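data_8.csv follows; it contains CSV, C-alpha atoms and all ligand atoms.
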chain,number,residue,atom,x,y,z
A,1038,MET,CA,-12.0,-10.2,-3.3
A,1039,LYS,CA,-8.6,-11.6,-2.5
A,1040,PRO,CA,-6.7,-9.8,0.3
A,1041,LEU,CA,-3.9,-7.6,-1.0
A,1042,VAL,CA,-0.5,-7.9,0.6
A,1043,ILE,CA,1.9,-5.1,-0.6
A,1044,ALA,CA,5.6,-5.1,0.1
A,1045,ASN,CA,7.2,-1.7,0.5
A,1046,TRP,CA,10.9,-2.2,0.2
A,1047,LYS,CA,11.5,1.5,0.8
A,1048,CYS,CA,15.2,2.5,0.0
A,1049,ASN,CA,16.5,-1.1,0.1
A,1050,PRO,CA,18.5,-3.2,-0.8
A,1051,VAL,CA,21.7,-1.6,-2.0
A,1052,THR,CA,22.5,-3.7,-5.1
A,1053,THR,CA,20.6,-5.3,-7.9
A,1054,THR,CA,22.1,-8.7,-7.0
A,1055,GLU,CA,20.6,-8.4,-3.5
A,1056,ALA,CA,17.2,-7.2,-4.9
A,1057,LYS,CA,17.1,-10.2,-7.2
A,1058,ARG,CA,18.0,-12.6,-4.4
A,1059,LEU,CA,15.3,-11.3,-2.2
A,1060,PHE,CA,12.7,-11.3,-5.0
A,1061,ASN,CA,13.6,-14.8,-6.2
A,1062,SER,CA,13.2,-16.2,-2.6
A,1063,VAL,CA,9.8,-14.5,-2.3
A,1064,LYS,CA,8.8,-15.7,-5.7
A,1065,GLU,CA,9.8,-19.3,-5.0
A,1066,GLY,CA,8.1,-19.2,-1.6
A,1067,LEU,CA,4.8,-17.9,-3.0
A,1068,LYS,CA,4.7,-19.9,-6.2
A,1069,ASN,CA,1.6,-21.8,-5.1
A,1070,ILE,CA,-0.3,-18.9,-3.5
A,1071,LYS,CA,-3.6,-18.2,-5.2
A,1072,ASP,CA,-5.8,-16.6,-2.6
A,1073,VAL,CA,-3.7,-13.5,-1.9
A,1074,GLU,CA,-2.8,-10.8,-4.3
A,1075,VAL,CA,0.9,-10.0,-3.8
A,1076,VAL,CA,2.5,-6.7,-4.9
A,1077,ILE,CA,6.2,-5.9,-4.6
A,1078,CYS,CA,7.2,-2.2,-4.6
A,1079,PRO,CA,11.0,-2.1,-4.9
A,1080,PRO,CA,13.0,1.0,-5.6
A,1081,PHE,CA,12.1,1.7,-9.2
A,1082,ILE,CA,15.7,1.1,-10.5
A,1083,TYR,CA,15.2,-2.7,-9.8
A,1084,LEU,CA,11.8,-3.0,-11.6
A,1085,LEU,CA,13.1,-4.0,-15.0
A,1086,ALA,CA,15.4,-6.7,-13.6
A,1087,LEU,CA,12.8,-8.2,-11.3
A,1088,LYS,CA,10.0,-8.1,-13.8
A,1089,ALA,CA,12.1,-9.9,-16.3
A,1090,ASN,CA,12.4,-12.8,-13.9
A,1091,SER,CA,8.8,-12.8,-12.5
A,1092,HIS,CA,5.7,-14.8,-12.9
A,1093,LYS,CA,2.1,-13.6,-13.4
A,1094,ALA,CA,1.0,-14.0,-9.8
A,1095,ILE,CA,3.3,-11.3,-8.5
A,1096,LYS,CA,2.4,-7.7,-9.4
A,1097,PHE,CA,4.6,-4.6,-9.1
A,1098,GLY,CA,4.2,-1.1,-7.8
A,1099,GLY,CA,6.2,2.1,-7.5
A,1100,GLN,CA,6.8,3.9,-4.2
A,1101,ASN,CA,6.2,7.4,-5.5
A,1102,CYS,CA,6.0,9.4,-8.7
A,1103,PHE,CA,5.6,12.9,-10.0
A,1104,PHE,CA,2.5,14.4,-11.6
A,1105,GLU,CA,4.1,15.7,-14.7
A,1106,LYS,CA,6.8,14.7,-17.2
A,1107,GLY,CA,9.4,17.0,-18.7
A,1108,PRO,CA,11.9,19.3,-16.9
A,1109,PHE,CA,11.7,17.8,-13.4
A,1110,THR,CA,15.1,16.6,-12.5
A,1111,GLY,CA,15.2,13.4,-10.5
A,1112,GLU,CA,11.5,12.6,-10.8
A,1113,ILE,CA,9.7,9.6,-12.4
A,1114,SER,CA,6.3,9.8,-14.1
A,1115,PRO,CA,3.4,7.4,-13.8
A,1116,GLN,CA,3.8,6.6,-17.5
A,1117,MET,CA,7.4,5.5,-16.9
A,1118,LEU,CA,6.3,3.2,-14.0
A,1119,LYS,CA,3.6,1.8,-16.2
A,1120,ASN,CA,6.1,1.1,-18.9
A,1121,LEU,CA,8.3,-0.7,-16.3
A,1122,GLY,CA,5.4,-3.1,-15.5
A,1123,CYS,CA,3.8,-1.4,-12.5
A,1124,GLN,CA,0.1,-1.6,-11.8
A,1125,TYR,CA,0.2,0.2,-8.4
A,1126,VAL,CA,1.9,3.3,-7.0
A,1127,ILE,CA,2.2,4.1,-3.2
A,1128,LEU,CA,1.5,7.8,-2.7
A,1129,GLY,CA,1.6,10.1,0.3
A,1130,HIS,CA,3.6,7.8,2.5
A,1131,SER,CA,4.3,9.5,5.8
A,1132,GLU,CA,8.1,9.2,5.1
A,1133,ARG,CA,7.5,11.4,2.0
A,1134,ARG,CA,5.1,13.8,3.9
A,1135,ALA,CA,7.9,14.2,6.4
A,1136,LEU,CA,10.1,15.5,3.5
A,1137,GLY,CA,7.5,18.2,2.7
A,1138,GLU,CA,5.0,16.5,0.4
A,1139,SER,CA,1.6,18.2,0.8
A,1140,ASP,CA,-1.9,17.0,0.4
A,1141,GLU,CA,-2.1,19.2,-2.7
A,1142,MET,CA,0.9,17.4,-4.3
A,1143,ILE,CA,-0.5,14.0,-3.3
A,1144,ASN,CA,-3.8,15.0,-4.9
A,1145,LYS,CA,-2.1,15.9,-8.2
A,1146,LYS,CA,-0.1,12.6,-8.1
A,1147,ILE,CA,-3.2,10.5,-7.5
A,1148,LYS,CA,-4.9,12.1,-10.5
A,1149,ALA,CA,-1.9,11.6,-12.7
A,1150,VAL,CA,-1.6,7.9,-11.6
A,1151,LEU,CA,-5.4,7.3,-12.2
A,1152,LYS,CA,-5.1,8.9,-15.6
A,1153,GLU,CA,-2.5,6.3,-16.6
A,1154,GLY,CA,-4.9,3.5,-15.4
A,1155,LEU,CA,-2.6,2.6,-12.4
A,1156,LYS,CA,-3.9,2.1,-8.9
A,1157,PRO,CA,-2.8,4.6,-6.3
A,1158,ILE,CA,-2.3,3.4,-2.7
A,1159,LEU,CA,-2.9,6.5,-0.7
A,1160,CYS,CA,-1.2,6.4,2.7
A,1161,ILE,CA,-2.9,8.2,5.6
A,1162,GLY,CA,-2.5,8.0,9.3
A,1163,GLU,CA,-2.4,10.0,12.5
A,1164,LYS,CA,0.9,11.2,14.0
A,1165,ASP,CA,0.2,10.8,17.7
A,1166,GLN,CA,-1.0,7.6,19.2
A,1167,GLU,CA,-4.6,8.6,19.2
A,1168,PHE,CA,-7.0,8.3,16.2
A,1169,LYS,CA,-8.3,11.7,15.4
A,1170,THR,CA,-11.2,11.6,12.9
A,1171,LYS,CA,-10.6,15.2,11.9
A,1172,GLU,CA,-6.9,14.6,11.1
A,1173,ILE,CA,-7.7,11.6,8.9
A,1174,LYS,CA,-10.7,13.4,7.3
A,1175,ASN,CA,-8.4,16.3,6.3
A,1176,GLN,CA,-5.8,14.0,4.8
A,1177,LEU,CA,-8.5,12.2,2.8
A,1178,ARG,CA,-10.3,15.5,1.7
A,1179,GLY,CA,-7.0,17.0,0.6
A,1180,ALA,CA,-5.7,14.0,-1.3
A,1181,LEU,CA,-9.0,13.1,-2.9
A,1182,SER,CA,-10.3,16.5,-4.0
A,1183,ILE,CA,-12.0,16.4,-7.3
A,1184,ILE,CA,-11.4,12.7,-8.1
A,1185,LYS,CA,-13.7,11.2,-10.7
A,1186,ILE,CA,-16.3,8.9,-9.2
A,1187,SER,CA,-15.5,6.4,-12.0
A,1188,ASP,CA,-11.9,6.3,-10.8
A,1189,LEU,CA,-12.8,5.3,-7.3
A,1190,GLU,CA,-12.7,1.6,-8.0
A,1191,ASN,CA,-9.0,1.8,-8.6
A,1192,LEU,CA,-8.3,3.7,-5.4
A,1193,ILE,CA,-6.7,2.0,-2.4
A,1194,ILE,CA,-6.3,3.5,1.0
A,1195,ALA,CA,-3.5,2.4,3.4
A,1196,TYR,CA,-4.1,3.2,7.0
A,1197,GLU,CA,-0.6,3.6,8.4
A,1198,PRO,CA,-0.5,5.3,11.9
A,1199,VAL,CA,2.8,7.2,11.8
A,1200,TRP,CA,3.6,6.1,15.4
A,1201,ALA,CA,3.3,2.4,14.4
A,1202,ILE,CA,5.7,2.6,11.4
A,1203,GLY,CA,9.1,0.9,12.1
A,1204,THR,CA,8.5,1.0,15.8
A,1205,LYS,CA,7.6,-2.6,16.7
A,1206,ASN,CA,4.5,-1.0,18.2
A,1207,PRO,CA,1.7,-2.0,15.9
A,1208,CYS,CA,-1.8,-0.7,16.2
A,1209,ASP,CA,-3.9,-3.3,18.1
A,1210,PHE,CA,-6.6,-5.1,16.1
A,1211,LYS,CA,-9.5,-3.4,17.9
A,1212,ASP,CA,-8.2,0.1,17.2
A,1213,ALA,CA,-7.4,-0.8,13.6
A,1214,LYS,CA,-11.0,-2.0,13.2
A,1215,LYS,CA,-12.3,1.3,14.6
A,1216,ALA,CA,-10.0,3.3,12.3
A,1217,ASN,CA,-11.2,1.1,9.4
A,1218,SER,CA,-14.8,1.9,10.2
A,1219,SER,CA,-14.1,5.6,10.6
A,1220,ILE,CA,-12.3,5.7,7.2
A,1221,ARG,CA,-15.2,3.9,5.6
A,1222,GLU,CA,-17.6,6.4,7.1
A,1223,ILE,CA,-15.6,9.4,5.8
A,1224,LEU,CA,-15.4,7.8,2.3
A,1225,ALA,CA,-19.1,7.2,2.3
A,1226,GLU,CA,-19.7,10.8,3.3
A,1227,PHE,CA,-17.5,12.0,0.4
A,1228,PHE,CA,-18.6,9.6,-2.3
A,1229,GLY,CA,-21.8,7.9,-1.2
A,1230,GLU,CA,-22.1,4.5,0.4
A,1231,SER,CA,-22.2,2.4,-2.8
A,1232,MET,CA,-19.1,3.9,-4.3
A,1233,ALA,CA,-17.1,4.0,-1.1
A,1234,LYS,CA,-17.6,0.3,-0.4
A,1235,ASN,CA,-15.5,-0.6,-3.5
A,1236,ILE,CA,-12.5,1.2,-2.1
A,1237,LEU,CA,-10.0,-1.2,-0.4
A,1238,VAL,CA,-8.6,-0.2,3.0
A,1239,LEU,CA,-5.2,-1.7,4.1
A,1240,TYR,CA,-3.3,-1.7,7.4
A,1241,GLY,CA,0.4,-0.9,7.6
A,1242,GLY,CA,2.8,-0.4,10.6
A,1243,SER,CA,5.2,-2.8,12.3
A,1244,LEU,CA,3.6,-5.9,10.7
A,1245,ASN,CA,5.1,-9.3,11.1
A,1246,SER,CA,4.0,-12.9,10.3
A,1247,GLU,CA,2.6,-13.5,13.8
A,1248,ILE,CA,0.0,-10.6,13.8
A,1249,ALA,CA,-0.7,-10.1,10.1
A,1250,ALA,CA,-3.7,-12.3,9.7
A,1251,GLY,CA,-5.4,-10.7,12.7
A,1252,TYR,CA,-5.9,-7.4,10.7
A,1253,ILE,CA,-7.7,-9.3,8.0
A,1254,LYS,CA,-9.8,-11.5,10.3
A,1255,GLU,CA,-10.4,-9.2,13.3
A,1256,SER,CA,-9.9,-5.6,12.0
A,1257,LYS,CA,-11.7,-6.5,8.7
A,1258,MET,CA,-8.9,-4.9,6.6
A,1259,ASP,CA,-8.8,-5.7,2.9
A,1260,GLY,CA,-5.1,-6.1,2.9
A,1261,LEU,CA,-1.7,-5.1,4.4
A,1262,LEU,CA,1.2,-2.8,3.5
A,1263,VAL,CA,4.3,-4.3,4.8
A,1264,GLY,CA,7.6,-2.5,5.4
A,1265,GLY,CA,10.5,-4.0,7.3
A,1266,ALA,CA,9.1,-7.6,7.3
A,1267,SER,CA,9.1,-7.6,3.5
A,1268,LEU,CA,12.9,-7.4,3.4
A,1269,ASP,CA,13.2,-10.8,5.0
A,1270,ALA,CA,12.0,-13.3,2.3
A,1271,GLU,CA,11.3,-16.1,4.8
A,1272,GLU,CA,9.3,-13.8,7.1
A,1273,PHE,CA,7.3,-12.2,4.2
A,1274,VAL,CA,6.5,-15.6,2.7
A,1275,LYS,CA,5.3,-16.8,6.1
A,1276,LEU,CA,3.2,-13.6,6.5
A,1277,VAL,CA,1.5,-14.1,3.2
A,1278,LYS,CA,0.8,-17.8,3.9
A,1279,LYS,CA,-0.7,-16.9,7.2
A,1280,VAL,CA,-3.0,-14.4,5.6
A,1281,ALA,CA,-4.0,-17.1,3.0
A,1282,ARG,CA,-4.6,-19.6,5.8
A,1283,ALA,CA,-6.7,-17.1,7.7
A,1284,LEU,CA,-9.2,-17.1,4.9
A,1285,ILE,CA,-10.0,-20.8,5.2
A,1286,PRO,CA,-13.2,-21.1,7.2
A,1287,SER,CA,-12.8,-23.1,10.4
A,1288,PRO,CA,-14.7,-26.4,10.4
B,1301,LIG,P1,7.1,-1.1,8.8
B,1301,LIG,O1,6.3,-2.4,8.5
B,1301,LIG,O2,8.6,-1.3,8.8
B,1301,LIG,O3,6.6,-0.6,10.1
B,1301,LIG,O4,6.7,-0.1,7.7
B,1301,LIG,C1,5.4,0.1,7.4
B,1301,LIG,C2,5.4,1.0,6.2
B,1301,LIG,O5,5.7,2.2,6.2
B,1301,LIG,C3,4.9,0.4,4.9
B,1301,LIG,O6,4.6,1.4,4.0

Rendering of file as structure tokens:
Amino acid sequence: MKPLVIANWKCNPVTTTEAKRLFNSVKEGLKNIKDVEVVICPPFIYLLALKANSHKAIKFGGQNCFFEKGPFTGEISPQMLKNLGCQYVILGHSERRALGESDEMINKKIKAVLKEGLKPILCIGEKDQEFKTKEIKNQLRGALSIIKISDLENLIIAYEPVWAIGTKNPCDFKDAKKANSSIREILAEFFGESMAKNILVLYGGSLNSEIAAGYIKESKMDGLLVGGASLDAEEFVKLVKKVARALIPSP
């Protein structure tokens, strides 16, 4: 399985011209990358323009969606994201939870996204700088309630400790490895060992090109969810290349 590196552009950049410039530099820099699956999640208004100028190796994702279509002013549905070329959708990001998104809403969104055949990237993570299994278990239980077992192969979990997001204070490799194991144990308890092992677990929080590969090699993560560093094309390309290089076995 290729490691998955996902760029979450959040609410950036401000113009389509800037979005195209950033995307084109990333695309150019990664044109020969085969060993890493790269997904760009821009604000959805840029999806059409970027997709038109993309190549197959780069996939797209949304940063959020609603669970219904119809009279819901300002919302966007999974179907719309799919029609814009998305294969992934970030859900339950802590920045959205801070705006009032509940586990119940996240659960409805996950189901709606899975129904469209898209892959939800469920963000979870503790608030204080101490991993608490109970807190993580509650987030997973709430968000994954009554999910079809057959849908689990499309589910992706992003472990993003809230204290590590945008702080230049990333979780260290050892603690990320422990968190990874705990998350896997919880998933195995919910869904059984054999189903749980197909679920990808990513790390996110203050990533940069210097440390990124360590989470794959040492923390045994299946991929990364990159915020700030994905807005600098050179840095993001470097990060992806380091992840690709980390996979080459040492002689
Ligand atoms: P930073 O990489 O800027 O810390 O953001 C992480 C994140 O929230 C990705 O979803």

Ser1062 in chain A environment, 12 Å, all atoms listed in the file, sequence neighbours closer than 3 positions dropped, as a ChimeraX atom specification: /A:1055-1059,1065-1068,1087,1090-1091,1267-1275

Closest of A:Ser1182, A:Gln1166, A:Ser1218, A:Asn1206 to ligand LIG 1301 (chain B) - atom-to-atom distances counting all atoms listed in the file: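 Closest to ligand LIG 1301 (chain B), using all atoms listed in the file: A:Asn1206.
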
Cut-off 6 Å, only C-alpha atoms and all ligand atoms, neighbours of ligand LIG 1301 (chain B) as a VMD selection string: chain A and resid 1045 1202 to 1203 1241 to 1244 1262 to 1265

Å distance separating CA of Lys1257 in chain A from CA of Gly1162 in chain A, one decimal place: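 Those two atoms sit 17.2 Å apart.
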
Option closest in space to Val1199 in chain A, from A:Glu1230, A:Glu1172, A:Glu1153, A:Glu1132 [counting only C-alpha atoms]: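 The closest residue to Val1199 in chain A is A:Glu1132.
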
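Across the structure, CA of Ile1127 in chain A and CA of Asn1061 in chain A are spaced 22.3 Å apart.
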
Among the residues A:Leu1261, A:Leu1284, A:Ala1213, A:Leu1189, the one that comes closest to Ile1236 in chain A [using all atoms listed in the file]: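 Looking only at the distances to Ile1236 in chain A, the closest residue turns out to be A:Leu1189.
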
For range 1114-1122 of chain A: contacts at 9 Å, only C-alpha atoms, fewer than 3 positions along chain excluded, given as a list of chain:residue names: A:Phe1081, A:Leu1084, A:Leu1085, A:Lys1088, A:Lys1096, A:Phe1097, A:Gly1098, A:Gly1099, A:Asn1101, A:Cys1102, A:Phe1103, A:Phe1104, A:Glu1105, A:Lys1106, A:Tyr1125, A:Val1126, A:Lys1146, A:Ala1149, A:Val1150, A:Leu1151, A:Lys1152, A:Glu1153, A:Gly1154, A:Leu1155

Kindly save the residues from that selection, with C-alpha atoms included, as a PDB file, in the coordinates of the input.
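Result file is result37.pdb:
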ATOM      1  CA  PHE A1081      12.100   1.700  -9.200  1.00  0.00           C
ATOM      2  CA  LEU A1084      11.800  -3.000 -11.600  1.00  0.00           C
ATOM      3  CA  LEU A1085      13.100  -4.000 -15.000  1.00  0.00           C
ATOM      4  CA  LYS A1088      10.000  -8.100 -13.800  1.00  0.00           C
ATOM      5  CA  LYS A1096       2.400  -7.700  -9.400  1.00  0.00           C
ATOM      6  CA  PHE A1097       4.600  -4.600  -9.100  1.00  0.00           C
ATOM      7  CA  GLY A1098       4.200  -1.100  -7.800  1.00  0.00           C
ATOM      8  CA  GLY A1099       6.200   2.100  -7.500  1.00  0.00           C
ATOM      9  CA  ASN A1101       6.200   7.400  -5.500  1.00  0.00           C
ATOM     10  CA  CYS A1102       6.000   9.400  -8.700  1.00  0.00           C
ATOM     11  CA  PHE A1103       5.600  12.900 -10.000  1.00  0.00           C
ATOM     12  CA  PHE A1104       2.500  14.400 -11.600  1.00  0.00           C
ATOM     13  CA  GLU A1105       4.100  15.700 -14.700  1.00  0.00           C
ATOM     14  CA  LYS A1106       6.800  14.700 -17.200  1.00  0.00           C
ATOM     15  CA  TYR A1125       0.200   0.200  -8.400  1.00  0.00           C
ATOM     16  CA  VAL A1126       1.900   3.300  -7.000  1.00  0.00           C
ATOM     17  CA  LYS A1146      -0.100  12.600  -8.100  1.00  0.00           C
ATOM     18  CA  ALA A1149      -1.900  11.600 -12.700  1.00  0.00           C
ATOM     19  CA  VAL A1150      -1.600   7.900 -11.600  1.00  0.00           C
ATOM     20  CA  LEU A1151      -5.400   7.300 -12.200  1.00  0.00           C
ATOM     21  CA  LYS A1152      -5.100   8.900 -15.600  1.00  0.00           C
ATOM     22  CA  GLU A1153      -2.500   6.300 -16.600  1.00  0.00           C
ATOM     23  CA  GLY A1154      -4.900   3.500 -15.400  1.00  0.00           C
ATOM     24  CA  LEU A1155      -2.600   2.600 -12.400  1.00  0.00           C
TER      25      LEU A1155
END

Some atoms are missing, so please complete range 1177-1188 of chain A with all heavy atoms and return it as an mmCIF file, in the coordinates of the input.
data_model
loop_
_atom_site.group_PDB
_atom_site.id
_atom_site.type_symbol
_atom_site.label_atom_id
_atom_site.label_comp_id
_atom_site.auth_asym_id
_atom_site.auth_seq_id
_atom_site.Cartn_x
_atom_site.Cartn_y
_atom_site.Cartn_z
ATOM 1 N N LEU A 1177 -7.754 12.834 3.871
ATOM 2 C CA LEU A 1177 -8.500 12.200 2.800
ATOM 3 C C LEU A 1177 -9.132 13.334 1.886
ATOM 4 O O LEU A 1177 -9.096 13.241 0.657
ATOM 5 C CB LEU A 1177 -9.648 11.354 3.335
ATOM 6 C CG LEU A 1177 -9.188 9.999 3.888
ATOM 7 C CD1 LEU A 1177 -10.299 9.327 4.681
ATOM 8 C CD2 LEU A 1177 -8.723 9.069 2.765
ATOM 9 N N ARG A 1178 -9.633 14.391 2.521
ATOM 10 C CA ARG A 1178 -10.300 15.500 1.700
ATOM 11 C C ARG A 1178 -9.207 16.116 0.822
ATOM 12 O O ARG A 1178 -9.444 16.339 -0.366
ATOM 13 C CB ARG A 1178 -10.867 16.521 2.670
ATOM 14 C CG ARG A 1178 -11.645 17.577 1.896
ATOM 15 C CD ARG A 1178 -12.190 18.703 2.749
ATOM 16 N NE ARG A 1178 -13.319 18.310 3.576
ATOM 17 C CZ ARG A 1178 -13.306 18.261 4.901
ATOM 18 N NH1 ARG A 1178 -12.210 18.565 5.574
ATOM 19 N NH2 ARG A 1178 -14.380 17.909 5.579
ATOM 20 N N GLY A 1179 -8.031 16.381 1.386
ATOM 21 C CA GLY A 1179 -7.000 17.000 0.600
ATOM 22 C C GLY A 1179 -6.491 16.172 -0.538
ATOM 23 O O GLY A 1179 -6.344 16.634 -1.672
ATOM 24 N N ALA A 1180 -6.285 14.902 -0.261
ATOM 25 C CA ALA A 1180 -5.700 14.000 -1.300
ATOM 26 C C ALA A 1180 -6.716 13.612 -2.348
ATOM 27 O O ALA A 1180 -6.335 13.309 -3.479
ATOM 28 C CB ALA A 1180 -5.117 12.782 -0.607
ATOM 29 N N LEU A 1181 -7.998 13.604 -1.972
ATOM 30 C CA LEU A 1181 -9.000 13.100 -2.900
ATOM 31 C C LEU A 1181 -9.888 14.141 -3.518
ATOM 32 O O LEU A 1181 -10.926 13.834 -4.100
ATOM 33 C CB LEU A 1181 -9.866 12.018 -2.182
ATOM 34 C CG LEU A 1181 -9.093 10.817 -1.636
ATOM 35 C CD1 LEU A 1181 -10.020 9.868 -0.889
ATOM 36 C CD2 LEU A 1181 -8.374 10.076 -2.761
ATOM 37 N N SER A 1182 -9.463 15.388 -3.416
ATOM 38 C CA SER A 1182 -10.300 16.500 -4.000
ATOM 39 C C SER A 1182 -10.432 16.337 -5.486
ATOM 40 O O SER A 1182 -9.464 16.106 -6.213
ATOM 41 C CB SER A 1182 -9.578 17.785 -3.547
ATOM 42 O OG SER A 1182 -9.778 18.767 -4.473
ATOM 43 N N ILE A 1183 -11.679 16.462 -5.915
ATOM 44 C CA ILE A 1183 -12.000 16.400 -7.300
ATOM 45 C C ILE A 1183 -11.481 15.130 -8.048
ATOM 46 O O ILE A 1183 -10.852 15.214 -9.106
ATOM 47 C CB ILE A 1183 -11.687 17.656 -8.130
ATOM 48 C CG1 ILE A 1183 -11.778 18.887 -7.229
ATOM 49 C CG2 ILE A 1183 -12.593 17.841 -9.338
ATOM 50 C CD1 ILE A 1183 -11.442 20.203 -7.903
ATOM 51 N N ILE A 1184 -11.742 13.994 -7.436
ATOM 52 C CA ILE A 1184 -11.400 12.700 -8.100
ATOM 53 C C ILE A 1184 -12.679 12.235 -8.801
ATOM 54 O O ILE A 1184 -13.768 12.333 -8.241
ATOM 55 C CB ILE A 1184 -11.009 11.653 -7.024
ATOM 56 C CG1 ILE A 1184 -9.769 12.088 -6.240
ATOM 57 C CG2 ILE A 1184 -10.829 10.274 -7.641
ATOM 58 C CD1 ILE A 1184 -8.463 11.940 -6.933
ATOM 59 N N LYS A 1185 -12.514 11.716 -10.004
ATOM 60 C CA LYS A 1185 -13.700 11.200 -10.700
ATOM 61 C C LYS A 1185 -14.284 10.006 -10.046
ATOM 62 O O LYS A 1185 -13.538 9.099 -9.674
ATOM 63 C CB LYS A 1185 -13.288 10.824 -12.165
ATOM 64 C CG LYS A 1185 -13.159 12.003 -13.096
ATOM 65 C CD LYS A 1185 -13.176 11.498 -14.543
ATOM 66 C CE LYS A 1185 -11.843 11.722 -15.179
ATOM 67 N NZ LYS A 1185 -11.337 10.814 -16.109
ATOM 68 N N ILE A 1186 -15.584 10.011 -9.901
ATOM 69 C CA ILE A 1186 -16.300 8.900 -9.200
ATOM 70 C C ILE A 1186 -15.893 7.560 -9.935
ATOM 71 O O ILE A 1186 -15.664 6.541 -9.300
ATOM 72 C CB ILE A 1186 -17.808 9.096 -9.249
ATOM 73 C CG1 ILE A 1186 -18.182 10.245 -8.304
ATOM 74 C CG2 ILE A 1186 -18.573 7.837 -8.894
ATOM 75 C CD1 ILE A 1186 -18.176 9.933 -6.818
ATOM 76 N N SER A 1187 -15.788 7.622 -11.284
ATOM 77 C CA SER A 1187 -15.500 6.400 -12.000
ATOM 78 C C SER A 1187 -14.079 5.860 -11.723
ATOM 79 O O SER A 1187 -13.767 4.711 -12.008
ATOM 80 C CB SER A 1187 -15.644 6.642 -13.530
ATOM 81 O OG SER A 1187 -14.780 7.701 -13.906
ATOM 82 N N ASP A 1188 -13.227 6.707 -11.135
ATOM 83 C CA ASP A 1188 -11.900 6.300 -10.800
ATOM 84 C C ASP A 1188 -11.769 5.598 -9.448
ATOM 85 O O ASP A 1188 -10.738 5.018 -9.094
ATOM 86 C CB ASP A 1188 -10.906 7.485 -10.792
ATOM 87 C CG ASP A 1188 -10.450 7.864 -12.190
ATOM 88 O OD1 ASP A 1188 -10.476 6.978 -13.071
ATOM 89 O OD2 ASP A 1188 -10.064 9.021 -12.379
#
